[in-house]
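Asker: Below is one structure. I have some questions about it.
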Amino acid sequence: MAKRFMPTIVRNLEPSEGPRVDLRSPGFRILVVEDETLIRDILVRKLKGLGYECDWCENGLAALNLLPASAYDLILTDLMMPELGGLSLLRETQKFCPDTAVILVTSVSDLNIAIDALTHGAYDYILKPFSLQEVSVVVARALEKRRLLLENRRYQQHLEEEVASRTKQFREALELLQQTYHSTLLALGTALDSRDADSDGHALRVTLYTLRLARQVGASEADLKTIEQGALLHDIGKIGVPDDLLRKPEKLSESEWQLMRLHPEIGYRILSRISFLQDAAKMVLNHQEKYDGTGYPAGLRGNEVVLSARIFAVADTLDCMTTDRPFQRAVTFELAREEIIRVAGTQLDPAIVGKFLEIPLDEWKTIAQEVKAKAKAHRQVS
Ligand SMILES: [Fe+2]
């Protein structure tokens with residue numbers, strides 16, 4: 001008897017419309033569940049004849065007992081049976097053996113139930129009375145549909161694993177790249193220090209001071225990264241200042257000072273061409289500005305100076321005062337703090353100075369000692 005309803009995927013597998021279905025598929029395991037002995041025997045004989053491994057039982061309950069131990073590829077079940085019917089067996093199979101295909105065998109009077117079962121996961125149905133040729137085609141189609149679903153799922157899983165693996169590789173590469181950037185900037189900062197006879201460890205120390213103060217101010221992680229880059233490279237523009245000027249033991253003449261004062265703009269020009277250093281470039285441009293507008297190169301005042309540069313200015317003042325310079329011996333951290341308080345509102349942003357005062361002096365001293373120990377260890381290695 002011809003069927004009026006067909007699930008879409010089954011329609012696609014019609015021999016006339018899609019790939020040819022191999023009706024003989026040895027190796028597949030099928031369970032026939034049927035209470036009518038004659039029909040059951042016919043089905044089992046036919047399926048075995050087609051090369052399938054075939055078991056049988058009389059009702060849904062008996063089938064459930066067989067399911068856990070036997071991995072069936074397909075169950076061909078009658079709809080109406082004593083003990084447990086085909087629909088209940090379908091539900092239980094989906095719960096415990098979701099990869100097993102289920103085909104319902106039904107009479108015309110139960111056709112609507114069988115059709116409804118298709119929307120609940122049944123692969124197909126066969127109407128009684130059926131021809132054995134029809135059984136062969138429906139079983140083969142269901143097994144082919146199941147194969148495609150399993151293959152699709154395996155492909156999906158493989159794809160997800162592949163995506164996860166590639167994402168992990170990408171993250172690791174990115175991390176390595178960031179570490180490399182960081183090491184490069186650190187090396188560059190140290191190299192810049194080595195040109196200035198009096199600033200051994202200055203770049204690293206002032207960077208750590210600036211980061212500590214920026215955290216106190218409440219800078220975000222992204223801002224901290226920019227601040228670290230800007231602090232490490234704040235004097236990169238001194239590349240454009242001659243060595244003898246940087247190392248001159250006497251005071252600079254006015255014309256020499258004019259040359260020296262170009263370094264923030266030179267630094268800005270260098271860094272602003274590098275996309276990931278563009279924010280840091282603004283900090284470098286502003287790092288010699290003063291809160292009251294007496295700094296250089298633009299004489300900016302107050303909030304016109306970027307926040308990162310205002311934070312840097314406090315850290316830089318602390319470092320300049322607590323390290324030996326050609327014209328000035330280092331003073332204690334206590335004295336440096338007094339001086340910072342004194343210039344709050346003129347050279348330095350008073351709000352940032354307020355944040356600086358919240359941090360115990362011992363923390364600054366510890367940072368200075370750590371940088372000193374690192375520099376000593378580095379000298380011993382090299
Ligand atoms: Fe500078």
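Naming scheme: A, B, ... for chains in displayed order of the structure tokens; residues 1 onward per chain; ligands 1 onward as shown.
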Could you give me, as a ChimeraX atom specification, each residue of stretch 104-204 of chain A that DSSP assigns to helix (DSSP H, G or I) when run on this structure's backbone?

Answerer: /A:108-119,132-195,202-204

Asker: Contacts between ligand 1 and chain A, please, where a residue of chain A counts if it comes within 7 Å (with only C-alpha atoms and all ligand atoms); show its shortest atom pair and distance in Å to one decimal, rows by chain and ascending number, as JSON lines.

Answerer:
```
{"residue": "A:His234", "atom": "CA", "partner": "ligand 1", "partner_atom_place_in_ligand_line": "1 (Fe)", "distance": 6.0}
{"residue": "A:Asp235", "atom": "CA", "partner": "ligand 1", "partner_atom_place_in_ligand_line": "1 (Fe)", "distance": 4.7}
{"residue": "A:His263", "atom": "CA", "partner": "ligand 1", "partner_atom_place_in_ligand_line": "1 (Fe)", "distance": 6.9}
{"residue": "A:Pro264", "atom": "CA", "partner": "ligand 1", "partner_atom_place_in_ligand_line": "1 (Fe)", "distance": 6.6}
{"residue": "A:His287", "atom": "CA", "partner": "ligand 1", "partner_atom_place_in_ligand_line": "1 (Fe)", "distance": 6.5}
{"residue": "A:Gln288", "atom": "CA", "partner": "ligand 1", "partner_atom_place_in_ligand_line": "1 (Fe)", "distance": 6.1}
```

Asker: Only N, CA and C atoms, please: the residues just picked out, written as an mmCIF file, in the first residue's frame.

Answerer:
```cif
data_model
loop_
_atom_site.group_PDB
_atom_site.id
_atom_site.type_symbol
_atom_site.label_atom_id
_atom_site.label_comp_id
_atom_site.auth_asym_id
_atom_site.auth_seq_id
_atom_site.Cartn_x
_atom_site.Cartn_y
_atom_site.Cartn_z
ATOM 1 N N HIS A 234 59.092 56.579 28.184
ATOM 2 C CA HIS A 234 58.829 58.030 28.267
ATOM 3 C C HIS A 234 59.946 58.867 27.648
ATOM 4 N N ASP A 235 61.183 58.384 27.750
ATOM 5 C CA ASP A 235 62.309 59.171 27.216
ATOM 6 C C ASP A 235 62.829 58.625 25.887
ATOM 7 N N HIS A 263 62.536 66.267 23.108
ATOM 8 C CA HIS A 263 62.422 64.807 23.221
ATOM 9 C C HIS A 263 60.989 64.281 23.409
ATOM 10 N N PRO A 264 60.069 64.994 24.092
ATOM 11 C CA PRO A 264 58.703 64.439 24.147
ATOM 12 C C PRO A 264 58.048 64.356 22.770
ATOM 13 N N HIS A 287 54.641 63.965 29.090
ATOM 14 C CA HIS A 287 55.294 63.586 30.355
ATOM 15 C C HIS A 287 56.155 64.683 30.982
ATOM 16 N N GLN A 288 56.417 65.759 30.243
ATOM 17 C CA GLN A 288 57.191 66.860 30.847
ATOM 18 C C GLN A 288 56.307 68.087 31.100
#
```

Asker: Tell me, in Å to one decimal, how far atom CA of A:Leu76 is from atom CA of A:Val33.

Answerer: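 Between atom CA of A:Leu76 and atom CA of A:Val33 the gap is 6.1 Å.
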
Asker: So that I can see what lies close to A:Val138, please list as a PyMOL selection string the residues with an atom at most 8 Å from it, counting only C-alpha atoms and leaving out residues fewer than 2 positions away in the same chain.

Answerer: chain A and resi 124-126+134-136+140-142

Asker: Output all heavy atoms for every residue in that selection, as a PDB file, in the first residue's frame.

Answerer:
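Okay, this is what ended up in result29.pdb:
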```pdb
ATOM      1  N   ASP A 124      10.392   6.104  10.702  1.00  0.00           N
ATOM      2  CA  ASP A 124       9.456   5.842   9.613  1.00  0.00           C
ATOM      3  C   ASP A 124       8.371   4.901  10.149  1.00  0.00           C
ATOM      4  O   ASP A 124       8.408   4.490  11.308  1.00  0.00           O
ATOM      5  CB  ASP A 124      10.189   5.194   8.430  1.00  0.00           C
ATOM      6  CG  ASP A 124       9.528   5.540   7.097  1.00  0.00           C
ATOM      7  OD1 ASP A 124       8.330   5.893   7.112  1.00  0.00           O
ATOM      8  OD2 ASP A 124      10.197   5.435   6.056  1.00  0.00           O
ATOM      9  N   TYR A 125       7.395   4.528   9.293  1.00  0.00           N
ATOM     10  CA  TYR A 125       6.400   3.518   9.669  1.00  0.00           C
ATOM     11  C   TYR A 125       6.089   2.653   8.453  1.00  0.00           C
ATOM     12  O   TYR A 125       6.318   3.045   7.303  1.00  0.00           O
ATOM     13  CB  TYR A 125       5.119   4.163  10.216  1.00  0.00           C
ATOM     14  CG  TYR A 125       4.427   5.055   9.223  1.00  0.00           C
ATOM     15  CD1 TYR A 125       3.503   4.545   8.305  1.00  0.00           C
ATOM     16  CD2 TYR A 125       4.700   6.415   9.210  1.00  0.00           C
ATOM     17  CE1 TYR A 125       2.880   5.364   7.397  1.00  0.00           C
ATOM     18  CE2 TYR A 125       4.082   7.249   8.297  1.00  0.00           C
ATOM     19  CZ  TYR A 125       3.176   6.725   7.396  1.00  0.00           C
ATOM     20  OH  TYR A 125       2.562   7.530   6.487  1.00  0.00           O
ATOM     21  N   ILE A 126       5.582   1.465   8.754  1.00  0.00           N
ATOM     22  CA  ILE A 126       5.173   0.540   7.684  1.00  0.00           C
ATOM     23  C   ILE A 126       3.726   0.141   7.966  1.00  0.00           C
ATOM     24  O   ILE A 126       3.400  -0.206   9.107  1.00  0.00           O
ATOM     25  CB  ILE A 126       6.063  -0.726   7.687  1.00  0.00           C
ATOM     26  CG1 ILE A 126       7.520  -0.343   7.389  1.00  0.00           C
ATOM     27  CG2 ILE A 126       5.563  -1.736   6.667  1.00  0.00           C
ATOM     28  CD1 ILE A 126       8.503  -1.491   7.604  1.00  0.00           C
ATOM     29  N   GLU A 134       8.767  -3.525   0.309  1.00  0.00           N
ATOM     30  CA  GLU A 134       8.598  -2.255   1.024  1.00  0.00           C
ATOM     31  C   GLU A 134       9.399  -2.256   2.326  1.00  0.00           C
ATOM     32  O   GLU A 134      10.056  -1.276   2.678  1.00  0.00           O
ATOM     33  CB  GLU A 134       7.114  -2.027   1.317  1.00  0.00           C
ATOM     34  CG  GLU A 134       6.821  -0.664   1.890  1.00  0.00           C
ATOM     35  CD  GLU A 134       5.362  -0.510   2.307  1.00  0.00           C
ATOM     36  OE1 GLU A 134       4.565  -1.452   2.070  1.00  0.00           O
ATOM     37  OE2 GLU A 134       5.026   0.517   2.882  1.00  0.00           O
ATOM     38  N   VAL A 135       9.378  -3.381   3.041  1.00  0.00           N
ATOM     39  CA  VAL A 135      10.146  -3.506   4.298  1.00  0.00           C
ATOM     40  C   VAL A 135      11.633  -3.277   4.015  1.00  0.00           C
ATOM     41  O   VAL A 135      12.317  -2.536   4.726  1.00  0.00           O
ATOM     42  CB  VAL A 135       9.918  -4.901   4.933  1.00  0.00           C
ATOM     43  CG1 VAL A 135      10.878  -5.112   6.102  1.00  0.00           C
ATOM     44  CG2 VAL A 135       8.474  -5.047   5.386  1.00  0.00           C
ATOM     45  N   SER A 136      12.131  -3.907   2.945  1.00  0.00           N
ATOM     46  CA  SER A 136      13.556  -3.770   2.597  1.00  0.00           C
ATOM     47  C   SER A 136      13.922  -2.304   2.395  1.00  0.00           C
ATOM     48  O   SER A 136      14.928  -1.816   2.906  1.00  0.00           O
ATOM     49  CB  SER A 136      13.871  -4.518   1.302  1.00  0.00           C
ATOM     50  OG  SER A 136      13.364  -5.810   1.353  1.00  0.00           O
ATOM     51  N   ALA A 140      16.278   0.014   4.882  1.00  0.00           N
ATOM     52  CA  ALA A 140      17.529   0.540   4.318  1.00  0.00           C
ATOM     53  C   ALA A 140      17.576   2.060   4.396  1.00  0.00           C
ATOM     54  O   ALA A 140      18.601   2.651   4.704  1.00  0.00           O
ATOM     55  CB  ALA A 140      17.677   0.073   2.865  1.00  0.00           C
ATOM     56  N   ARG A 141      16.429   2.694   4.113  1.00  0.00           N
ATOM     57  CA  ARG A 141      16.388   4.157   4.181  1.00  0.00           C
ATOM     58  C   ARG A 141      16.618   4.655   5.606  1.00  0.00           C
ATOM     59  O   ARG A 141      17.338   5.626   5.843  1.00  0.00           O
ATOM     60  CB  ARG A 141      15.026   4.673   3.696  1.00  0.00           C
ATOM     61  CG  ARG A 141      14.941   4.835   2.213  1.00  0.00           C
ATOM     62  CD  ARG A 141      13.750   5.661   1.824  1.00  0.00           C
ATOM     63  NE  ARG A 141      12.516   5.207   2.453  1.00  0.00           N
ATOM     64  CZ  ARG A 141      11.368   5.025   1.803  1.00  0.00           C
ATOM     65  NH1 ARG A 141      11.313   5.262   0.510  1.00  0.00           N
ATOM     66  NH2 ARG A 141      10.294   4.646   2.441  1.00  0.00           N
ATOM     67  N   ALA A 142      15.985   3.968   6.566  1.00  0.00           N
ATOM     68  CA  ALA A 142      16.139   4.387   7.966  1.00  0.00           C
ATOM     69  C   ALA A 142      17.594   4.246   8.408  1.00  0.00           C
ATOM     70  O   ALA A 142      18.135   5.117   9.090  1.00  0.00           O
ATOM     71  CB  ALA A 142      15.224   3.548   8.856  1.00  0.00           C
TER      72      ALA A 142
END
```

Asker: Would you pick out the contacts of stretch 347-360 of chain A at 12 Å or less, using only C-alpha atoms, so that residues sharing its chain but fewer than 3 positions from it are not included, and give the list as a count of residues only?

Answerer: 56

Asker: Using only C-alpha atoms, find the one residue out of A:Ala101, A:Ala71, A:Leu262, A:Ala63 that sits nearest to A:Gly85.

Answerer: A:Ala63
